[in-house]
$ cat query38.cif   # mmCIF, C-alpha atoms
data_entry
#
loop_
_atom_site.label_atom_id
_atom_site.label_comp_id
_atom_site.auth_asym_id
_atom_site.auth_seq_id
_atom_site.Cartn_x
_atom_site.Cartn_y
_atom_site.Cartn_z
CA MET N 1 26.07 21.66 -1.34
CA PRO N 2 22.77 23.51 -2.01
CA ASP N 3 19.61 21.49 -2.28
CA SER N 4 19.00 21.43 -6.02
CA THR N 5 15.68 19.61 -5.65
CA ILE N 6 13.79 22.64 -4.37
CA SER N 7 15.32 25.24 -6.65
CA ASN N 8 13.69 26.36 -9.88
CA SER N 9 16.34 24.53 -11.88
CA PRO N 10 17.30 21.12 -10.47
CA LEU N 11 20.71 19.86 -11.51
CA PRO N 12 20.83 17.13 -14.18
CA GLY N 13 20.91 13.59 -12.84
CA LEU N 14 18.73 10.83 -11.41
CA TYR N 15 16.04 11.65 -8.85
CA ILE N 16 14.49 8.70 -6.98
CA VAL N 17 11.01 9.93 -6.01
CA ALA N 18 8.65 8.19 -3.57
CA THR N 19 5.00 8.45 -4.55
CA PRO N 20 1.76 7.76 -2.59
CA ILE N 21 0.85 4.16 -1.78
CA GLY N 22 -2.85 4.97 -1.90
CA ASN N 23 -3.86 8.44 -0.79
CA LEU N 24 -2.66 10.92 -3.42
CA GLY N 25 -2.58 13.59 -0.72
CA ASP N 26 0.59 11.94 0.62
CA ILE N 27 2.74 13.28 -2.23
CA SER N 28 5.27 15.67 -0.70
CA ALA N 29 5.70 19.25 -1.90
CA ARG N 30 9.33 18.45 -2.70
CA ALA N 31 8.38 15.39 -4.78
CA ALA N 32 5.71 17.36 -6.67
CA SER N 33 8.24 20.12 -7.37
CA VAL N 34 10.78 17.71 -8.85
CA LEU N 35 8.13 15.93 -10.94
CA ALA N 36 7.05 19.30 -12.33
CA ARG N 37 10.61 20.14 -13.36
CA ALA N 38 11.57 16.73 -14.71
CA ASP N 39 12.65 16.34 -18.31
CA LEU N 40 11.73 12.67 -18.25
CA ILE N 41 9.99 10.28 -15.83
CA ALA N 42 11.05 6.62 -15.86
CA ALA N 43 7.90 4.87 -14.61
CA GLU N 44 7.18 1.25 -13.71
CA ASP N 45 3.78 1.64 -15.43
CA THR N 46 3.18 4.90 -17.27
CA ARG N 47 -0.60 4.45 -17.00
CA VAL N 48 -0.42 4.42 -13.20
CA THR N 49 1.94 7.40 -13.04
CA ALA N 50 -0.26 9.31 -15.49
CA LYS N 51 -3.02 9.32 -12.85
CA LEU N 52 -0.68 10.93 -10.32
CA LEU N 53 0.49 13.52 -12.84
CA SER N 54 -3.13 14.32 -13.72
CA HIS N 55 -3.87 14.80 -10.00
CA LEU N 56 -0.98 17.26 -9.84
CA GLY N 57 -1.98 18.99 -13.08
CA LEU N 58 1.29 18.03 -14.77
CA ARG N 59 2.24 16.90 -18.26
CA VAL N 60 5.73 15.39 -18.29
CA PRO N 61 7.25 12.98 -20.84
CA MET N 62 7.41 9.39 -19.54
CA THR N 63 9.14 6.19 -20.53
CA PRO N 64 8.62 2.68 -19.13
CA TYR N 65 11.22 1.28 -16.76
CA HIS N 66 10.40 -2.06 -15.13
CA ASP N 67 11.70 -5.56 -14.32
CA HIS N 68 12.02 -6.43 -17.99
CA SER N 69 13.96 -3.32 -19.01
CA ASP N 70 17.31 -4.29 -20.52
CA GLU N 71 20.82 -2.90 -20.37
CA ARG N 72 20.28 -0.83 -23.49
CA THR N 73 17.30 0.91 -21.90
CA ARG N 74 19.33 1.70 -18.78
CA ALA N 75 22.24 3.00 -20.86
CA ALA N 76 19.91 5.36 -22.73
CA LEU N 77 18.51 6.74 -19.48
CA VAL N 78 21.98 7.17 -17.94
CA ALA N 79 23.11 9.05 -21.06
CA GLN N 80 20.20 11.49 -20.73
CA MET N 81 21.13 12.15 -17.09
CA ALA N 82 24.20 14.04 -18.32
CA ASP N 83 22.11 17.09 -19.13
CA LYS N 84 18.55 16.23 -18.11
CA VAL N 85 16.57 15.70 -14.93
CA VAL N 86 15.45 12.04 -14.99
CA VAL N 87 12.98 10.96 -12.30
CA LEU N 88 12.50 7.32 -11.31
CA VAL N 89 9.13 6.32 -9.83
CA SER N 90 7.41 3.01 -9.10
CA ASP N 91 3.66 2.39 -9.24
CA ALA N 92 3.39 3.25 -5.54
CA GLY N 93 5.71 3.95 -2.64
CA THR N 94 9.48 4.15 -2.62
CA PRO N 95 11.28 2.93 -5.76
CA LEU N 96 13.63 -0.07 -5.37
CA ILE N 97 11.68 -1.45 -2.37
CA SER N 98 10.47 -4.71 -3.97
CA ASP N 99 10.43 -2.73 -7.22
CA PRO N 100 12.86 -2.37 -10.15
CA GLY N 101 15.55 0.28 -10.06
CA TYR N 102 18.74 -0.70 -8.27
CA LYS N 103 20.56 -1.47 -11.54
CA LEU N 104 19.68 1.99 -12.86
CA VAL N 105 21.04 3.60 -9.68
CA ARG N 106 24.17 1.44 -9.90
CA ASP N 107 24.82 2.37 -13.53
CA ALA N 108 24.12 6.06 -12.90
CA ARG N 109 26.70 6.10 -10.10
CA ALA N 110 29.23 4.24 -12.22
CA ALA N 111 28.82 6.91 -14.91
CA GLY N 112 29.38 9.69 -12.39
CA ARG N 113 25.83 11.03 -12.57
CA LEU N 114 24.20 12.92 -9.71
CA VAL N 115 21.86 10.64 -7.76
CA ILE N 116 19.37 12.12 -5.27
CA THR N 117 16.59 10.40 -3.33
CA LEU N 118 13.36 12.04 -2.21
CA PRO N 119 12.02 9.85 0.64
CA GLY N 120 8.35 9.35 1.26
CA PRO N 121 5.65 6.68 1.54
CA CYS N 122 6.65 3.02 1.93
CA ALA N 123 4.10 0.26 2.63
CA ALA N 124 6.58 -1.85 4.62
CA ILE N 125 7.41 0.97 7.04
CA ALA N 126 3.77 2.04 7.33
CA ALA N 127 2.71 -1.52 8.18
CA ILE N 128 5.32 -1.80 10.93
CA THR N 129 3.98 1.35 12.56
CA LEU N 130 0.41 -0.02 12.40
CA SER N 131 1.25 -3.50 13.68
CA GLY N 132 2.25 -2.72 17.26
CA LEU N 133 5.02 -5.33 16.91
CA PRO N 134 8.71 -4.75 17.81
CA SER N 135 10.18 -2.25 15.36
CA ASP N 136 13.69 -1.76 16.75
CA ARG N 137 15.02 -4.48 14.43
CA PHE N 138 13.26 -5.85 11.36
CA LEU N 139 13.92 -7.60 8.06
CA PHE N 140 12.08 -6.74 4.87
CA ALA N 141 11.78 -9.95 2.82
CA GLY N 142 9.57 -8.89 -0.10
CA PHE N 143 7.29 -11.57 -1.56
CA LEU N 144 7.57 -15.20 -0.50
CA PRO N 145 8.01 -17.76 -3.32
CA SER N 146 4.76 -19.09 -4.76
CA LYS N 147 5.73 -22.80 -4.73
CA ALA N 148 5.27 -24.57 -1.40
CA LYS N 149 8.76 -26.07 -1.00
CA ALA N 150 10.60 -22.90 -2.02
CA ARG N 151 8.35 -20.90 0.31
CA ALA N 152 9.02 -23.25 3.24
CA ASP N 153 12.77 -23.19 2.58
CA THR N 154 12.77 -19.39 2.51
CA ILE N 155 10.81 -19.16 5.76
CA ALA N 156 13.26 -21.58 7.41
CA GLU N 157 16.12 -19.23 6.53
CA PHE N 158 14.47 -16.45 8.54
CA ALA N 159 13.25 -18.53 11.48
CA GLY N 160 16.21 -17.95 13.79
CA LEU N 161 16.43 -14.19 13.29
CA ARG N 162 15.73 -12.09 16.37
CA ALA N 163 13.86 -9.50 14.36
CA SER N 164 10.37 -8.75 13.11
CA LEU N 165 9.79 -10.00 9.57
CA VAL N 166 7.99 -8.00 6.90
CA PHE N 167 6.51 -9.54 3.74
CA TYR N 168 4.46 -8.23 0.84
CA GLU N 169 1.60 -10.45 -0.31
CA SER N 170 -1.41 -10.59 -2.61
CA GLY N 171 -4.96 -11.48 -1.57
CA PRO N 172 -5.22 -14.87 -3.33
CA ARG N 173 -1.96 -16.10 -1.76
CA LEU N 174 -2.47 -14.65 1.72
CA GLY N 175 -4.04 -17.68 3.45
CA ALA N 176 -1.40 -20.12 2.15
CA SER N 177 1.45 -17.78 3.08
CA LEU N 178 0.12 -17.28 6.61
CA ALA N 179 -0.26 -21.05 7.06
CA ALA N 180 3.30 -21.59 5.82
CA LEU N 181 4.61 -18.91 8.18
CA ALA N 182 2.78 -20.53 11.11
CA GLY N 183 4.23 -23.91 10.20
CA GLY N 184 7.76 -22.64 9.74
CA LEU N 185 7.99 -20.05 12.50
CA GLY N 186 5.59 -21.30 15.14
CA ASN N 187 2.49 -19.48 16.33
CA ARG N 188 4.05 -16.03 16.65
CA ASP N 189 2.12 -12.79 16.94
CA ALA N 190 1.59 -11.15 13.56
CA ALA N 191 -0.31 -8.45 11.71
CA VAL N 192 -1.96 -8.26 8.30
CA ALA N 193 -2.17 -4.69 7.04
CA ARG N 194 -3.93 -3.82 3.80
CA GLU N 195 -5.18 -0.84 1.83
CA ILE N 196 -2.82 1.39 3.84
CA THR N 197 -3.76 5.10 3.56
CA LYS N 198 -6.90 4.22 1.58
CA LEU N 199 -10.56 4.42 2.60
CA TYR N 200 -10.77 0.80 3.78
CA GLU N 201 -7.40 0.63 5.54
CA GLU N 202 -7.25 -2.11 8.16
CA CYS N 203 -4.68 -3.88 10.29
CA VAL N 204 -5.72 -7.24 11.78
CA THR N 205 -3.48 -8.64 14.52
CA GLY N 206 -3.24 -12.01 16.25
CA PRO N 207 -1.29 -15.29 16.33
CA LEU N 208 -0.22 -16.60 12.92
CA ALA N 209 -2.42 -19.70 13.15
CA GLU N 210 -5.46 -17.56 13.94
CA LEU N 211 -4.75 -15.23 11.02
CA ALA N 212 -4.16 -18.21 8.70
CA ALA N 213 -7.59 -19.61 9.64
CA ARG N 214 -9.25 -16.20 9.17
CA TYR N 215 -7.91 -15.80 5.64
CA ALA N 216 -8.01 -19.47 4.58
CA GLU N 217 -11.21 -18.94 2.59
CA ALA N 218 -11.69 -15.17 2.67
CA THR N 219 -9.57 -13.50 -0.01
CA PRO N 220 -9.09 -9.83 0.84
CA LYS N 221 -8.60 -7.16 -1.77
CA GLY N 222 -5.83 -4.60 -2.05
CA GLU N 223 -2.13 -4.42 -1.39
CA ILE N 224 -1.15 -6.48 1.68
CA VAL N 225 1.75 -6.43 4.14
CA ILE N 226 2.40 -9.19 6.69
CA VAL N 227 4.43 -8.35 9.80
CA VAL N 228 5.60 -11.23 12.03
CA ALA N 229 7.01 -10.76 15.54
CA PRO N 230 10.49 -12.11 16.40
CA PRO N 231 10.75 -15.39 18.34
CA ALA N 232 10.23 -15.04 22.08
CA ASP N 233 13.47 -15.06 24.08
CA GLY N 234 14.20 -18.37 25.76
CA VAL N 235 11.14 -20.08 24.31
CA ALA N 236 11.68 -22.99 21.93
CA GLU N 237 9.51 -22.91 18.85
CA GLU N 238 6.95 -25.64 18.29
CA ALA N 239 7.11 -27.53 15.00
CA ASP N 240 6.09 -30.82 13.41
CA ASP N 241 8.52 -33.23 11.74
CA ALA N 242 8.00 -31.70 8.30
CA THR N 243 8.96 -28.27 9.62
CA ILE N 244 12.02 -29.74 11.35
CA ASP N 245 13.10 -31.34 8.07
CA THR N 246 12.64 -28.05 6.23
CA ALA N 247 14.75 -26.25 8.83
CA LEU N 248 17.44 -28.95 8.63
CA ARG N 249 17.60 -28.74 4.84
CA ALA N 250 18.02 -24.98 4.98
CA ALA N 251 20.75 -25.28 7.63
CA LEU N 252 22.54 -28.06 5.75
CA ALA N 253 22.76 -25.86 2.67
CA GLU N 254 25.01 -23.50 4.62
CA GLN N 255 26.65 -25.59 7.37
CA PRO N 256 28.19 -28.99 8.18
CA VAL N 257 25.86 -31.70 9.50
CA ALA N 258 26.83 -31.38 13.18
CA LYS N 259 26.49 -27.62 13.27
CA ALA N 260 23.19 -27.68 11.37
CA ALA N 261 21.74 -30.28 13.77
CA LYS N 262 22.87 -28.31 16.81
CA GLU N 263 21.35 -25.07 15.52
CA VAL N 264 17.97 -26.60 14.66
CA ALA N 265 17.87 -28.60 17.92
CA LYS N 266 18.40 -25.44 19.95
CA ARG N 267 15.78 -23.53 18.02
CA PHE N 268 13.04 -26.14 18.41
CA GLY N 269 14.02 -27.66 21.75
CA ARG N 270 14.76 -31.08 20.20
CA ASP N 271 17.46 -33.63 21.05
CA ARG N 272 20.66 -32.79 19.17
CA HIS N 273 21.65 -36.44 18.66
CA ASP N 274 18.26 -37.30 17.15
CA LEU N 275 18.49 -34.39 14.74
CA TYR N 276 22.08 -35.28 13.86
CA ALA N 277 20.87 -38.70 12.73
CA ARG N 278 17.99 -37.10 10.84
CA ALA N 279 20.35 -34.63 9.16
CA LEU N 280 22.59 -37.47 8.02
CA THR N 281 19.59 -39.19 6.45
CA LEU N 282 18.53 -36.02 4.66
CA LYS N 283 22.07 -35.37 3.50
CA GLY N 284 22.39 -38.90 2.18
CA GLY N 285 19.14 -38.63 0.29
CA GLU N 286 20.20 -35.59 -1.73
#

$ encode --input "query38.cif" --output "structure tokens"
Amino acid sequence: MPDSTISNSPLPGLYIVATPIGNLGDISARAASVLARADLIAAEDTRVTAKLLSHLGLRVPMTPYHDHSDERTRAALVAQMADKVVVLVSDAGTPLISDPGYKLVRDARAAGRLVITLPGPCAAIAAITLSGLPSDRFLFAGFLPSKAKARADTIAEFAGLRASLVFYESGPRLGASLAALAGGLGNRDAAVAREITKLYEECVTGPLAELAARYAEATPKGEIVIVVAPPADGVAEEADDATIDTALRAALAEQPVAKAAKEVAKRFGRDRHDLYARALTLKGGE
């Protein structure tokens, strides 16, 4: 099949276009070509996308498409894909990566529309390359919950994974999130990358506890990505009783008491019988 995205007349359908995460020079020639030939751009925030279009010298009709867009909005866009080139963009980076869009792609496919992706910048991938942490296996987890208990429960779900963990975060929440990660995962190596591709790009590395202390009071600006190393092989993680209870609750939500106690005991180097008794208490208190 010929590549319709670099011809003068792209075929009608949905084009998922990655845009710069900071430096506008990172827009690809292919992405710029499709934007120039689009009949309509579905943008997370039309004001943000307007700046990119101005940089490229383009004037293309836009319509909002974001987390609050309803089924009727999606249906209207899918209908236009029958004979028009509809481009989906987020404010920055690759659409659908912690951004709205998967429902639009799903509905377009269900309607038999052409769906093409134009890969490009992604903050999560860029941060992994900057971090110097293992990149052969990783999990992208988006934003952690804002409430302390939900955040701790979420972290506990990831604790046993033998993979690097990647989170998006904002400046005001960074210190609390790093402290929660240190408490739930142990003092693993980590990296905080921010302002990627921009003038003040930086990537600060170190143990989670050290990073949590660094950002406890200092609130950095810009878009932030946290990368956390996987647990060390054969080394039990250190944790206080509150962290153990959080891990047990998360395990009990998915497994019987005995299996949950065994899993958490192995992970933290604790006595299985003690944790079995603790798990029974937690289970009984629910």

$ closest_atom_pairs --input "query38.cif" --of "segment 131-162 of chain N" --to "segment 185-201 of chain N" --cutoff "9 Å" --atoms "only C-alpha atoms" --output "JSON lines"
{"residue": "N:Ser131", "atom": "CA", "partner": "N:Ala191", "partner_atom": "CA", "distance": 5.6}
{"residue": "N:Gly132", "atom": "CA", "partner": "N:Ala191", "partner_atom": "CA", "distance": 8.4}
{"residue": "N:Leu133", "atom": "CA", "partner": "N:Ala190", "partner_atom": "CA", "distance": 7.5}
{"residue": "N:Ile155", "atom": "CA", "partner": "N:Leu185", "partner_atom": "CA", "distance": 7.4}
{"residue": "N:Ala156", "atom": "CA", "partner": "N:Leu185", "partner_atom": "CA", "distance": 7.5}
{"residue": "N:Phe158", "atom": "CA", "partner": "N:Leu185", "partner_atom": "CA", "distance": 8.4}
{"residue": "N:Ala159", "atom": "CA", "partner": "N:Leu185", "partner_atom": "CA", "distance": 5.6}
{"residue": "N:Gly160", "atom": "CA", "partner": "N:Leu185", "partner_atom": "CA", "distance": 8.6}

$ atom_distance --input "query38.cif" --atom1 "atom CA of Phe167 of chain N" --atom2 "atom CA of Thr49 of chain N"
24.3 Å

$ atom_distance --input "query38.cif" --atom1 "atom CA of Ala242 of chain N" --atom2 "atom CA of Ser146 of chain N"
18.4 Å

$ closest_residue --input "query38.cif" --among "N:Ser177, N:Leu35, N:Leu118, N:Val264" --to "Ser54 of chain N" --atoms "only C-alpha atoms"
N:Leu35

$ closest_residue --input "query38.cif" --among "N:Ala75, N:Ala36, N:Leu52, N:Ala42" --to "Pro100 of chain N" --atoms "only C-alpha atoms"
N:Ala42

$ atom_distance --input "query38.cif" --atom1 "atom CA of Gly222 of chain N" --atom2 "atom CA of Gly22 of chain N"
10.0 Å

$ residues_around --input "query38.cif" --residues "Ile27 of chain N" --least-positions-apart "4" --cutoff "12 Å" --atoms "all atoms listed in the file" --output "list in words"
Val17, Ala18, Thr19, Pro20, Ile21, Gly22, Asn23, Ala31, Ala32, Ser33, Val34, Leu35, Leu52, Leu53, His55, Leu56, Ala92, Gly93, Thr94, Leu118, Pro119, Gly120, Pro121, Cys122 and Thr197 of chain N

$ write_last_selection --input "query38.cif" --atoms "C-alpha atoms" --output "PDB file, in the frame of the given file"
ATOM      1  CA  VAL N  17      11.010   9.930  -6.010  1.00  0.00           C
ATOM      2  CA  ALA N  18       8.650   8.190  -3.570  1.00  0.00           C
ATOM      3  CA  THR N  19       5.000   8.450  -4.550  1.00  0.00           C
ATOM      4  CA  PRO N  20       1.760   7.760  -2.590  1.00  0.00           C
ATOM      5  CA  ILE N  21       0.850   4.160  -1.780  1.00  0.00           C
ATOM      6  CA  GLY N  22      -2.850   4.970  -1.900  1.00  0.00           C
ATOM      7  CA  ASN N  23      -3.860   8.440  -0.790  1.00  0.00           C
ATOM      8  CA  ALA N  31       8.380  15.390  -4.780  1.00  0.00           C
ATOM      9  CA  ALA N  32       5.710  17.360  -6.670  1.00  0.00           C
ATOM     10  CA  SER N  33       8.240  20.120  -7.370  1.00  0.00           C
ATOM     11  CA  VAL N  34      10.780  17.710  -8.850  1.00  0.00           C
ATOM     12  CA  LEU N  35       8.130  15.930 -10.940  1.00  0.00           C
ATOM     13  CA  LEU N  52      -0.680  10.930 -10.320  1.00  0.00           C
ATOM     14  CA  LEU N  53       0.490  13.520 -12.840  1.00  0.00           C
ATOM     15  CA  HIS N  55      -3.870  14.800 -10.000  1.00  0.00           C
ATOM     16  CA  LEU N  56      -0.980  17.260  -9.840  1.00  0.00           C
ATOM     17  CA  ALA N  92       3.390   3.250  -5.540  1.00  0.00           C
ATOM     18  CA  GLY N  93       5.710   3.950  -2.640  1.00  0.00           C
ATOM     19  CA  THR N  94       9.480   4.150  -2.620  1.00  0.00           C
ATOM     20  CA  LEU N 118      13.360  12.040  -2.210  1.00  0.00           C
ATOM     21  CA  PRO N 119      12.020   9.850   0.640  1.00  0.00           C
ATOM     22  CA  GLY N 120       8.350   9.350   1.260  1.00  0.00           C
ATOM     23  CA  PRO N 121       5.650   6.680   1.540  1.00  0.00           C
ATOM     24  CA  CYS N 122       6.650   3.020   1.930  1.00  0.00           C
ATOM     25  CA  THR N 197      -3.760   5.100   3.560  1.00  0.00           C
TER      26      THR N 197
END

$ resolve_selection --input "query38.cif" --expression "the PyMOL selection byres ((chain N and resi 62) around 9)" --output "PyMOL selection string"
chain N and resi 39-43+46+49-50+60-61+63-64

$ resolve_selection --input "query38.cif" --expression "the PyMOL selection byres ((chain N and resi 162) around 10)" --output "count of residues only"
15

$ residues_around --input "query38.cif" --residues "Thr243 of chain N" --least-positions-apart "4" --cutoff "9 Å" --atoms "only C-alpha atoms" --output "ChimeraX atom specification"
/N:152,156,183-185,239,247-248

$ closest_residue --input "query38.cif" --among "N:Val166, N:Leu14, N:Asp45, N:Gly25" --to "Val78 of chain N" --atoms "all atoms listed in the file"
N:Leu14

$ resolve_selection --input "query38.cif" --expression "the PyMOL selection byres ((chain N and resi 170) around 9)" --output "PyMOL selection string"
chain N and resi 143+168-169+171-174+220-225

$ write_last_selection --input "query38.cif" --atoms "C-alpha atoms" --output "PDB file, keeping the file's coordinate frame"
ATOM      1  CA  PHE N 143       7.290 -11.570  -1.560  1.00  0.00           C
ATOM      2  CA  TYR N 168       4.460  -8.230   0.840  1.00  0.00           C
ATOM      3  CA  GLU N 169       1.600 -10.450  -0.310  1.00  0.00           C
ATOM      4  CA  GLY N 171      -4.960 -11.480  -1.570  1.00  0.00           C
ATOM      5  CA  PRO N 172      -5.220 -14.870  -3.330  1.00  0.00           C
ATOM      6  CA  ARG N 173      -1.960 -16.100  -1.760  1.00  0.00           C
ATOM      7  CA  LEU N 174      -2.470 -14.650   1.720  1.00  0.00           C
ATOM      8  CA  PRO N 220      -9.090  -9.830   0.840  1.00  0.00           C
ATOM      9  CA  LYS N 221      -8.600  -7.160  -1.770  1.00  0.00           C
ATOM     10  CA  GLY N 222      -5.830  -4.600  -2.050  1.00  0.00           C
ATOM     11  CA  GLU N 223      -2.130  -4.420  -1.390  1.00  0.00           C
ATOM     12  CA  ILE N 224      -1.150  -6.480   1.680  1.00  0.00           C
ATOM     13  CA  VAL N 225       1.750  -6.430   4.140  1.00  0.00           C
TER      14      VAL N 225
END

$ residues_around --input "query38.cif" --residues "Arg272 of chain N" --least-positions-apart "6" --cutoff "10 Å" --atoms "only C-alpha atoms" --output "list in words"
Ala258, Lys259, Ala260, Ala261, Lys262, Glu263, Val264, Ala265, Lys266 and Arg278 of chain N

$ closest_atom_pairs --input "query38.cif" --of "segment 94-179 of chain N" --to "segment 249-254 of chain N" --cutoff "9 Å" --atoms "all atoms listed in the file" --output "JSON lines"
{"residue": "N:Asp153", "atom": "CA", "partner": "N:Ala250", "partner_atom": "CA", "distance": 6.0}
{"residue": "N:Thr154", "atom": "CA", "partner": "N:Ala250", "partner_atom": "CA", "distance": 8.1}
{"residue": "N:Ala156", "atom": "CA", "partner": "N:Ala250", "partner_atom": "CA", "distance": 6.3}
{"residue": "N:Glu157", "atom": "CA", "partner": "N:Ala250", "partner_atom": "CA", "distance": 6.3}

$ write_last_selection --input "query38.cif" --atoms "C-alpha atoms" --output "short mmCIF file (atom, residue, chain, number, x, y, z; two decimals), in the frame of the given file"
data_model
loop_
_atom_site.label_atom_id
_atom_site.label_comp_id
_atom_site.auth_asym_id
_atom_site.auth_seq_id
_atom_site.Cartn_x
_atom_site.Cartn_y
_atom_site.Cartn_z
CA ASP N 153 12.77 -23.19 2.58
CA THR N 154 12.77 -19.39 2.51
CA ALA N 156 13.26 -21.58 7.41
CA GLU N 157 16.12 -19.23 6.53
#

$ residues_around --input "query38.cif" --residues "Lys84 of chain N" --least-positions-apart "5" --cutoff "12 Å" --atoms "all atoms listed in the file" --output "list of chain:residue names"
N:Ser9, N:Pro10, N:Leu11, N:Pro12, N:Gly13, N:Leu14, N:Tyr15, N:Arg37, N:Ala38, N:Asp39, N:Leu40, N:Ile41, N:Ala76, N:Leu77, N:Val78, N:Ala79, N:Arg113, N:Leu114

$ residues_near_point --input "query38.cif" --point "(16.0, -5.2, -13.5)" --cutoff "9 Å" --atoms "all atoms listed in the file" --output "NGL selection string"
:N and (65-71 or 99-104)
